[in-house]
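**Q** Below is the file data_15.txt, which contains compact mmCIF, C-alpha atoms and all ligand atoms.
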```txt
# COMPACT_ATOMS: atom_id res chain seq x y z
CA MET R 1 102.48 105.77 98.91
CA LYS R 2 100.98 102.36 99.63
CA ARG R 3 103.25 99.59 100.89
CA ILE R 4 103.14 96.37 98.87
CA LEU R 5 104.06 92.89 100.08
CA VAL R 6 104.78 90.30 97.39
CA LEU R 7 104.59 86.76 98.74
CA PHE R 8 106.72 85.01 96.13
CA ALA R 9 106.37 81.23 95.93
CA HIS R 10 108.28 79.14 93.39
CA PRO R 11 109.78 75.82 94.50
CA ALA R 12 112.25 75.62 91.61
CA LEU R 13 113.39 79.17 91.03
CA LYS R 14 116.55 78.11 89.16
CA LYS R 15 114.40 76.59 86.42
CA SER R 16 111.93 79.45 86.35
CA LYS R 17 111.73 81.68 83.31
CA ILE R 18 108.65 83.80 83.66
CA ASN R 19 108.38 84.19 87.43
CA LYS R 20 112.04 85.05 87.63
CA ALA R 21 111.62 87.73 84.95
CA LEU R 22 108.49 89.14 86.58
CA ARG R 23 110.20 89.28 89.95
CA LEU R 24 113.29 91.00 88.54
CA ALA R 25 111.05 93.75 87.18
CA ILE R 26 109.70 94.69 90.61
CA GLU R 27 112.66 94.02 92.88
CA GLY R 28 114.12 97.12 94.48
CA MET R 29 111.01 99.23 93.94
CA GLU R 30 110.42 101.71 96.73
CA GLN R 31 107.75 100.54 99.20
CA VAL R 32 107.69 97.04 97.67
CA THR R 33 108.83 94.06 99.77
CA VAL R 34 109.52 90.85 97.86
CA HIS R 35 109.32 87.97 100.32
CA ASP R 36 110.57 84.67 98.88
CA LEU R 37 108.73 81.99 100.86
CA TYR R 38 110.69 78.98 99.58
CA ALA R 39 113.97 80.73 100.39
CA ALA R 40 112.75 81.73 103.85
CA TYR R 41 111.21 78.38 104.75
CA PRO R 42 112.95 75.49 102.93
CA GLU R 43 111.67 73.13 105.65
CA TYR R 44 108.13 74.53 105.40
CA LEU R 45 108.38 75.76 109.03
CA ILE R 46 106.63 79.08 108.60
CA ASP R 47 107.07 81.72 111.31
CA VAL R 48 103.44 82.71 111.76
CA GLU R 49 104.09 85.76 113.95
CA ALA R 50 106.68 87.13 111.53
CA GLU R 51 104.34 86.61 108.56
CA GLN R 52 101.45 88.29 110.33
CA ALA R 53 103.68 91.24 111.25
CA LEU R 54 104.77 91.55 107.61
CA CYS R 55 101.14 91.57 106.46
CA GLU R 56 100.24 94.19 109.06
CA ALA R 57 103.09 96.41 107.84
CA HIS R 58 101.76 96.53 104.26
CA ASP R 59 98.60 97.84 102.59
CA ILE R 60 98.56 95.55 99.56
CA ILE R 61 99.26 91.81 99.57
CA VAL R 62 100.22 90.03 96.36
CA MET R 63 100.70 86.30 95.95
CA GLN R 64 103.04 85.64 93.00
CA HIS R 65 103.32 82.00 91.95
CA PRO R 66 103.13 79.52 89.09
CA PHE R 67 99.71 77.88 88.73
CA TYR R 68 100.11 74.38 90.17
CA TRP R 69 97.14 72.08 89.75
CA TYR R 70 94.89 75.10 89.29
CA SER R 71 96.06 76.41 92.63
CA THR R 72 99.16 77.63 94.48
CA PRO R 73 102.40 75.73 95.17
CA ALA R 74 102.23 73.76 98.43
CA LEU R 75 104.18 76.20 100.64
CA LEU R 76 101.85 79.03 99.73
CA LYS R 77 98.87 76.84 100.65
CA GLU R 78 100.60 76.05 103.95
CA TRP R 79 101.05 79.80 104.43
CA GLN R 80 97.30 80.32 104.01
CA ASP R 81 96.49 77.44 106.35
CA ILE R 82 98.59 78.61 109.27
CA VAL R 83 99.05 82.37 108.90
CA LEU R 84 95.39 83.23 108.33
CA GLU R 85 94.40 82.45 111.89
CA HIS R 86 90.99 82.81 113.44
CA GLY R 87 90.96 85.90 115.63
CA TRP R 88 93.63 87.54 113.44
CA ALA R 89 92.51 87.18 109.84
CA TYR R 90 88.83 86.36 110.34
CA GLY R 91 86.22 85.89 113.05
CA SER R 92 84.62 88.61 115.18
CA THR R 93 87.99 89.92 116.41
CA GLY R 94 90.03 89.02 113.34
CA LYS R 95 90.42 92.28 111.48
CA ALA R 96 94.15 92.49 110.76
CA LEU R 97 93.70 92.31 106.99
CA HIS R 98 90.56 94.42 106.71
CA GLY R 99 90.68 96.89 103.84
CA LYS R 100 93.97 95.65 102.40
CA ILE R 101 94.04 94.96 98.67
CA PHE R 102 94.75 91.39 97.61
CA PHE R 103 95.50 89.80 94.25
CA GLN R 104 97.42 86.93 92.65
CA VAL R 105 100.12 87.15 90.01
CA LEU R 106 99.98 83.74 88.39
CA THR R 107 101.68 82.10 85.48
CA ALA R 108 100.08 79.17 83.67
CA GLY R 109 101.52 76.59 81.31
CA GLY R 110 98.23 76.43 79.40
CA GLY R 111 97.27 79.03 76.83
CA GLU R 112 94.51 81.53 77.52
CA GLU R 113 92.21 79.74 75.08
CA THR R 114 92.38 76.60 77.25
CA TYR R 115 90.95 78.57 80.19
CA GLN R 116 87.43 78.98 78.84
CA THR R 117 84.15 77.43 80.00
CA GLY R 118 84.09 73.92 78.48
CA GLY R 119 87.64 74.31 77.14
CA TYR R 120 90.67 72.10 77.73
CA ASN R 121 90.95 73.27 81.35
CA LEU R 122 87.14 73.45 81.72
CA PHE R 123 86.93 76.80 83.51
CA PRO R 124 88.09 80.39 83.13
CA VAL R 125 90.89 81.50 85.45
CA GLY R 126 88.39 83.68 87.33
CA GLU R 127 86.48 80.59 88.42
CA LEU R 128 89.58 78.55 89.19
CA THR R 129 90.92 81.25 91.50
CA SER R 130 87.60 81.64 93.36
CA PRO R 131 88.86 79.89 96.56
CA LEU R 132 91.39 82.68 97.12
CA ARG R 133 88.74 85.23 96.21
CA SER R 134 86.49 83.79 98.93
CA THR R 135 89.42 83.72 101.35
CA ALA R 136 90.12 87.39 100.72
CA ASN R 137 86.43 88.14 101.17
CA LEU R 138 86.26 86.28 104.48
CA CYS R 139 89.29 88.25 105.67
CA GLY R 140 87.65 91.56 104.73
CA MET R 141 90.17 92.25 102.00
CA GLU R 142 89.55 94.09 98.77
CA TRP R 143 90.00 91.42 96.10
CA LEU R 144 91.26 92.18 92.61
CA PRO R 145 91.31 89.78 89.66
CA PRO R 146 94.68 88.10 89.04
CA PHE R 147 97.48 89.40 86.88
CA ALA R 148 97.80 86.30 84.72
CA VAL R 149 100.42 85.16 82.22
CA PHE R 150 99.25 82.25 80.05
CA GLY R 151 100.91 79.96 77.57
CA VAL R 152 104.25 79.53 79.31
CA HIS R 153 104.54 75.94 78.01
CA ARG R 154 104.65 76.97 74.39
CA GLY R 155 107.69 79.10 75.25
CA LEU R 156 107.01 82.79 75.47
CA PRO R 157 109.09 84.87 73.04
CA PRO R 158 111.50 87.26 74.81
CA ASP R 159 109.53 90.36 73.80
CA GLU R 160 106.37 88.93 75.40
CA VAL R 161 108.28 88.19 78.60
CA VAL R 162 109.54 91.80 78.66
CA HIS R 163 106.00 93.05 77.98
CA HIS R 164 104.54 91.09 80.92
CA ALA R 165 107.39 92.15 83.22
CA GLU R 166 106.88 95.82 82.32
CA ASN R 167 103.14 95.48 82.86
CA TYR R 168 103.66 93.91 86.28
CA ARG R 169 105.88 96.82 87.30
CA ARG R 170 103.31 99.24 85.90
CA VAL R 171 100.54 97.63 88.00
CA LEU R 172 102.55 97.82 91.23
CA LEU R 173 103.56 101.44 90.55
CA ALA R 174 99.96 102.43 89.86
CA LEU R 175 98.66 100.69 92.98
CA ARG R 176 101.46 102.11 95.11
CA ASP R 177 100.95 105.65 93.88
CA GLY R 178 97.14 105.61 93.66
CA HIS R 179 96.73 105.67 89.87
CA PHE R 180 94.85 102.39 89.70
CA ASP R 181 91.07 102.19 89.19
CA VAL R 182 90.18 99.41 91.63
CA GLU R 183 86.47 99.34 90.73
CA ALA R 184 87.15 99.11 86.99
CA ALA R 185 89.66 96.30 87.56
CA LYS R 186 87.12 94.22 89.47
CA GLY R 187 85.07 93.78 86.30
CA LEU R 188 87.92 92.13 84.36
CA GLU R 189 88.58 88.38 84.11
CA HIS R 190 92.27 89.05 84.73
CA MET R 191 93.56 92.56 85.29
CA ASN R 192 96.19 92.63 82.54
CA VAL R 193 93.64 91.95 79.82
CA ASN R 194 93.26 95.75 79.56
CA LEU R 195 95.63 97.75 81.72
CA ASP R 196 94.93 101.00 79.87
CA ALA R 197 91.35 100.83 81.17
CA ILE R 198 92.42 100.63 84.80
CA ILE R 199 95.67 102.61 85.03
CA GLU R 200 95.53 106.37 84.78
CA GLY R 201 98.42 107.96 82.93
C1 LIG M 1 103.32 70.52 89.80
C2 LIG M 1 102.93 71.38 88.63
C3 LIG M 1 101.59 71.65 88.42
C4 LIG M 1 101.20 72.47 87.35
N1 LIG M 1 99.87 72.73 87.18
C5 LIG M 1 99.48 73.55 86.17
C6 LIG M 1 98.11 73.88 86.00
O1 LIG M 1 97.22 73.46 86.75
N2 LIG M 1 97.77 74.67 84.96
C7 LIG M 1 98.71 75.19 84.09
O2 LIG M 1 98.33 75.93 83.18
N3 LIG M 1 100.03 74.91 84.25
C8 LIG M 1 100.42 74.12 85.27
N4 LIG M 1 101.77 73.85 85.46
C9 LIG M 1 102.75 74.57 84.63
C10 LIG M 1 103.31 75.79 85.39
O3 LIG M 1 102.29 76.67 85.78
C11 LIG M 1 104.34 76.51 84.53
O4 LIG M 1 105.39 75.62 84.27
C12 LIG M 1 104.86 77.77 85.24
O5 LIG M 1 103.85 78.73 85.32
C13 LIG M 1 106.07 78.31 84.53
O6 LIG M 1 106.60 79.38 85.29
P1 LIG M 1 108.19 79.52 85.52
O7 LIG M 1 108.84 79.77 84.19
O8 LIG M 1 108.34 80.68 86.44
O9 LIG M 1 108.64 78.22 86.16
C14 LIG M 1 102.18 73.01 86.48
C15 LIG M 1 103.54 72.71 86.69
C16 LIG M 1 103.90 71.90 87.76
C17 LIG M 1 105.37 71.60 87.97
```
Would you mind writing the structure in this file as structure tokens?
**A**
Amino acid sequence: MKRILVLFAHPALKKSKINKALRLAIEGMEQVTVHDLYAAYPEYLIDVEAEQALCEAHDIIVMQHPFYWYSTPALLKEWQDIVLEHGWAYGSTGKALHGKIFFQVLTAGGGEETYQTGGYNLFPVGELTSPLRSTANLCGMEWLPPFAVFGVHRGLPPDEVVHHAENYRRVLLALRDGHFDVEAAKGLEHMNVNLDAIIEG
């Protein structure tokens, strides 16, 4: 079984609907560590050594967060800035993350149709998440397209929330247990556009 680290970043969890529901669906899963960054570091004083040790102890690293200005919430950006050190994450001796799988679980206020070339948000989510794709690449990680939930602003009906939460759990189970077609997933704009194509069984 692969070990999965979920770096969870939401600065206003009490108000959260979708991230809270997604998180509930995967909490308590065997071999899955949910690490709430805003709870751990309310003053933004990240313990770099502890974070690096956590990463080293897992095979798959997931960043779960709401899309904020087409990017991550500030604490998760701070995490990238100080945890991904030269000589540890990248550079000639920086191989700590080599071979680990990386992907984002992101929730967006805008509908999927707004994330098209020339659309309301100008670019597809695949292009907007390219900085983290390049980061993963530089760190020798195996990048996967994001698990993306769109249209949160219009108010997702409860059955859609349940559907996304079940799919998230399904993705983590498949990755953990080796039933996930990594190569097939890489060709998708966001992985949950067609989970049946990438999850066996
Ligand atoms: C500071 C801030 C920036 C945001 N930026 C974006 C954005 O760039 N694109 C988008 O679709 N939604 C954006 N949103 C909406 C959030 O992504 C949305 O409210 C969130 O995904 C809802 O998740 P929750 O129910 O877990 O809080 C933003 C919200 C805030 C507060």
**Q** Residues within 12 Å of Trp88 of chain R, please, as a PDB file with C-alpha atoms, in the coordinates of the input. Count only C-alpha atoms; anything in the same chain fewer than 3 positions from it doesn't count.
**A**
```pdb
ATOM      1  CA  VAL R  48     103.440  82.710 111.760  1.00  0.00           C
ATOM      2  CA  GLU R  49     104.090  85.760 113.950  1.00  0.00           C
ATOM      3  CA  GLU R  51     104.340  86.610 108.560  1.00  0.00           C
ATOM      4  CA  GLN R  52     101.450  88.290 110.330  1.00  0.00           C
ATOM      5  CA  ALA R  53     103.680  91.240 111.250  1.00  0.00           C
ATOM      6  CA  CYS R  55     101.140  91.570 106.460  1.00  0.00           C
ATOM      7  CA  GLU R  56     100.240  94.190 109.060  1.00  0.00           C
ATOM      8  CA  ILE R  82      98.590  78.610 109.270  1.00  0.00           C
ATOM      9  CA  VAL R  83      99.050  82.370 108.900  1.00  0.00           C
ATOM     10  CA  LEU R  84      95.390  83.230 108.330  1.00  0.00           C
ATOM     11  CA  GLU R  85      94.400  82.450 111.890  1.00  0.00           C
ATOM     12  CA  GLY R  91      86.220  85.890 113.050  1.00  0.00           C
ATOM     13  CA  SER R  92      84.620  88.610 115.180  1.00  0.00           C
ATOM     14  CA  THR R  93      87.990  89.920 116.410  1.00  0.00           C
ATOM     15  CA  GLY R  94      90.030  89.020 113.340  1.00  0.00           C
ATOM     16  CA  LYS R  95      90.420  92.280 111.480  1.00  0.00           C
ATOM     17  CA  ALA R  96      94.150  92.490 110.760  1.00  0.00           C
ATOM     18  CA  LEU R  97      93.700  92.310 106.990  1.00  0.00           C
ATOM     19  CA  HIS R  98      90.560  94.420 106.710  1.00  0.00           C
ATOM     20  CA  LEU R 138      86.260  86.280 104.480  1.00  0.00           C
ATOM     21  CA  CYS R 139      89.290  88.250 105.670  1.00  0.00           C
ATOM     22  CA  GLY R 140      87.650  91.560 104.730  1.00  0.00           C
TER      23      GLY R 140
END
```
**Q** Just give me the gap between atom CA of Val32 of chain R and atom CA of Gly99 of chain R in Å, one decimal is fine.
**A** 18.1 Å
**Q** Could you write out as lines of an AutoDock Vina configuration file the box around ligand LIG 1 (chain M) (axis-aligned, all atoms listed in the file, 5 Å on each side), with centre and edge lengths in Å to one decimal?
**A**
```
center_x = 103.0
center_y = 75.6
center_z = 86.5
size_x = 21.6
size_y = 20.2
size_z = 16.6
```
**Q** Would you name the residues within 9 Å of ligand LIG 1 (chain M), counting all atoms listed in the file, and put them as a ChimeraX atom specification?
**A** /R:10-22,65-73,106-112,114-115,121,149-153
**Q** Report, in Å with one decimal, the straight-line distance from atom CA of Glu78 of chain R to atom CA of Glu27 of chain R.
**A**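 Going from atom CA of Glu78 of chain R over to atom CA of Glu27 of chain R, I get 24.3 Å.
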**Q** With all atoms listed in the file as the atoms that count, which of R:Lys2, R:Lys186, R:His35, R:His86 lies nearest to Met63 of chain R?
**A**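 Comparing R:Lys2, R:Lys186, R:His35, R:His86 against Met63 of chain R, the winner is R:His35.
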**Q** In Å, with one decimal, what is the gap from atom CA of Asn194 of chain R to atom CA of Asn167 of chain R?
**A**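 Pair atom CA of Asn194 of chain R / atom CA of Asn167 of chain R returns 10.4 Å.
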**Q** Tell me which of R:Arg133, R:Glu189, R:Ala89, R:Leu24 sits closest to Gln116 of chain R, counting only C-alpha atoms.
**A** R:Glu189
**Q** Which of these residues is nearest to Ile26 of chain R, using all atoms listed in the file: R:Met191, R:Ala40, R:Ile4, R:Ala50?
**A**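 For Ile26 of chain R, the nearest of the given residues is R:Ile4.
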**Q** Write out as a PDB file with C-alpha atoms, in the coordinates of the input the residues lying within 12 Å of Val171 of chain R, counting all atoms listed in the file and excluding same-chain residues fewer than 4 positions away.
**A**
```
ATOM      1  CA  ILE R   4     103.140  96.370  98.870  1.00  0.00           C
ATOM      2  CA  LEU R  22     108.490  89.140  86.580  1.00  0.00           C
ATOM      3  CA  ALA R  25     111.050  93.750  87.180  1.00  0.00           C
ATOM      4  CA  ILE R  26     109.700  94.690  90.610  1.00  0.00           C
ATOM      5  CA  ILE R  60      98.560  95.550  99.560  1.00  0.00           C
ATOM      6  CA  VAL R  62     100.220  90.030  96.360  1.00  0.00           C
ATOM      7  CA  PHE R 103      95.500  89.800  94.250  1.00  0.00           C
ATOM      8  CA  VAL R 105     100.120  87.150  90.010  1.00  0.00           C
ATOM      9  CA  LEU R 144      91.260  92.180  92.610  1.00  0.00           C
ATOM     10  CA  PRO R 146      94.680  88.100  89.040  1.00  0.00           C
ATOM     11  CA  PHE R 147      97.480  89.400  86.880  1.00  0.00           C
ATOM     12  CA  HIS R 164     104.540  91.090  80.920  1.00  0.00           C
ATOM     13  CA  ALA R 165     107.390  92.150  83.220  1.00  0.00           C
ATOM     14  CA  GLU R 166     106.880  95.820  82.320  1.00  0.00           C
ATOM     15  CA  ASN R 167     103.140  95.480  82.860  1.00  0.00           C
ATOM     16  CA  LEU R 175      98.660 100.690  92.980  1.00  0.00           C
ATOM     17  CA  ARG R 176     101.460 102.110  95.110  1.00  0.00           C
ATOM     18  CA  ASP R 177     100.950 105.650  93.880  1.00  0.00           C
ATOM     19  CA  GLY R 178      97.140 105.610  93.660  1.00  0.00           C
ATOM     20  CA  HIS R 179      96.730 105.670  89.870  1.00  0.00           C
ATOM     21  CA  PHE R 180      94.850 102.390  89.700  1.00  0.00           C
ATOM     22  CA  ASP R 181      91.070 102.190  89.190  1.00  0.00           C
ATOM     23  CA  VAL R 182      90.180  99.410  91.630  1.00  0.00           C
ATOM     24  CA  ALA R 185      89.660  96.300  87.560  1.00  0.00           C
ATOM     25  CA  MET R 191      93.560  92.560  85.290  1.00  0.00           C
ATOM     26  CA  ASN R 192      96.190  92.630  82.540  1.00  0.00           C
ATOM     27  CA  ASN R 194      93.260  95.750  79.560  1.00  0.00           C
ATOM     28  CA  LEU R 195      95.630  97.750  81.720  1.00  0.00           C
ATOM     29  CA  ASP R 196      94.930 101.000  79.870  1.00  0.00           C
ATOM     30  CA  ALA R 197      91.350 100.830  81.170  1.00  0.00           C
ATOM     31  CA  ILE R 198      92.420 100.630  84.800  1.00  0.00           C
ATOM     32  CA  ILE R 199      95.670 102.610  85.030  1.00  0.00           C
ATOM     33  CA  GLU R 200      95.530 106.370  84.780  1.00  0.00           C
ATOM     34  CA  GLY R 201      98.420 107.960  82.930  1.00  0.00           C
TER      35      GLY R 201
END
```
**Q** Could you name the residues that touch Tyr44 of chain R at 9 Å or less, counting all atoms listed in the file, but leaving out those on the same chain fewer than 6 positions away, as a PyMOL selection string?
**A** chain R and resi 37-38+75+78-79
**Q** Could you list, as JSON, numbers by chain, every residue within 9 Å of Ala136 of chain R, counting only C-alpha atoms and ignoring same-chain residues fewer than 5 positions away?
**A** {"R": [97, 101, 102, 103, 131, 141, 142, 143]}
**Q** For each of R:Gly28, R:Gly87, R:Pro145, R:Pro157, take the minimum atom-to-atom distance to Leu132 of chain R, counting all atoms listed in the file, then give the residue where this is smallest.
**A**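 Once distances to Leu132 of chain R are computed over all atoms listed in the file, the minimum belongs to R:Pro145.
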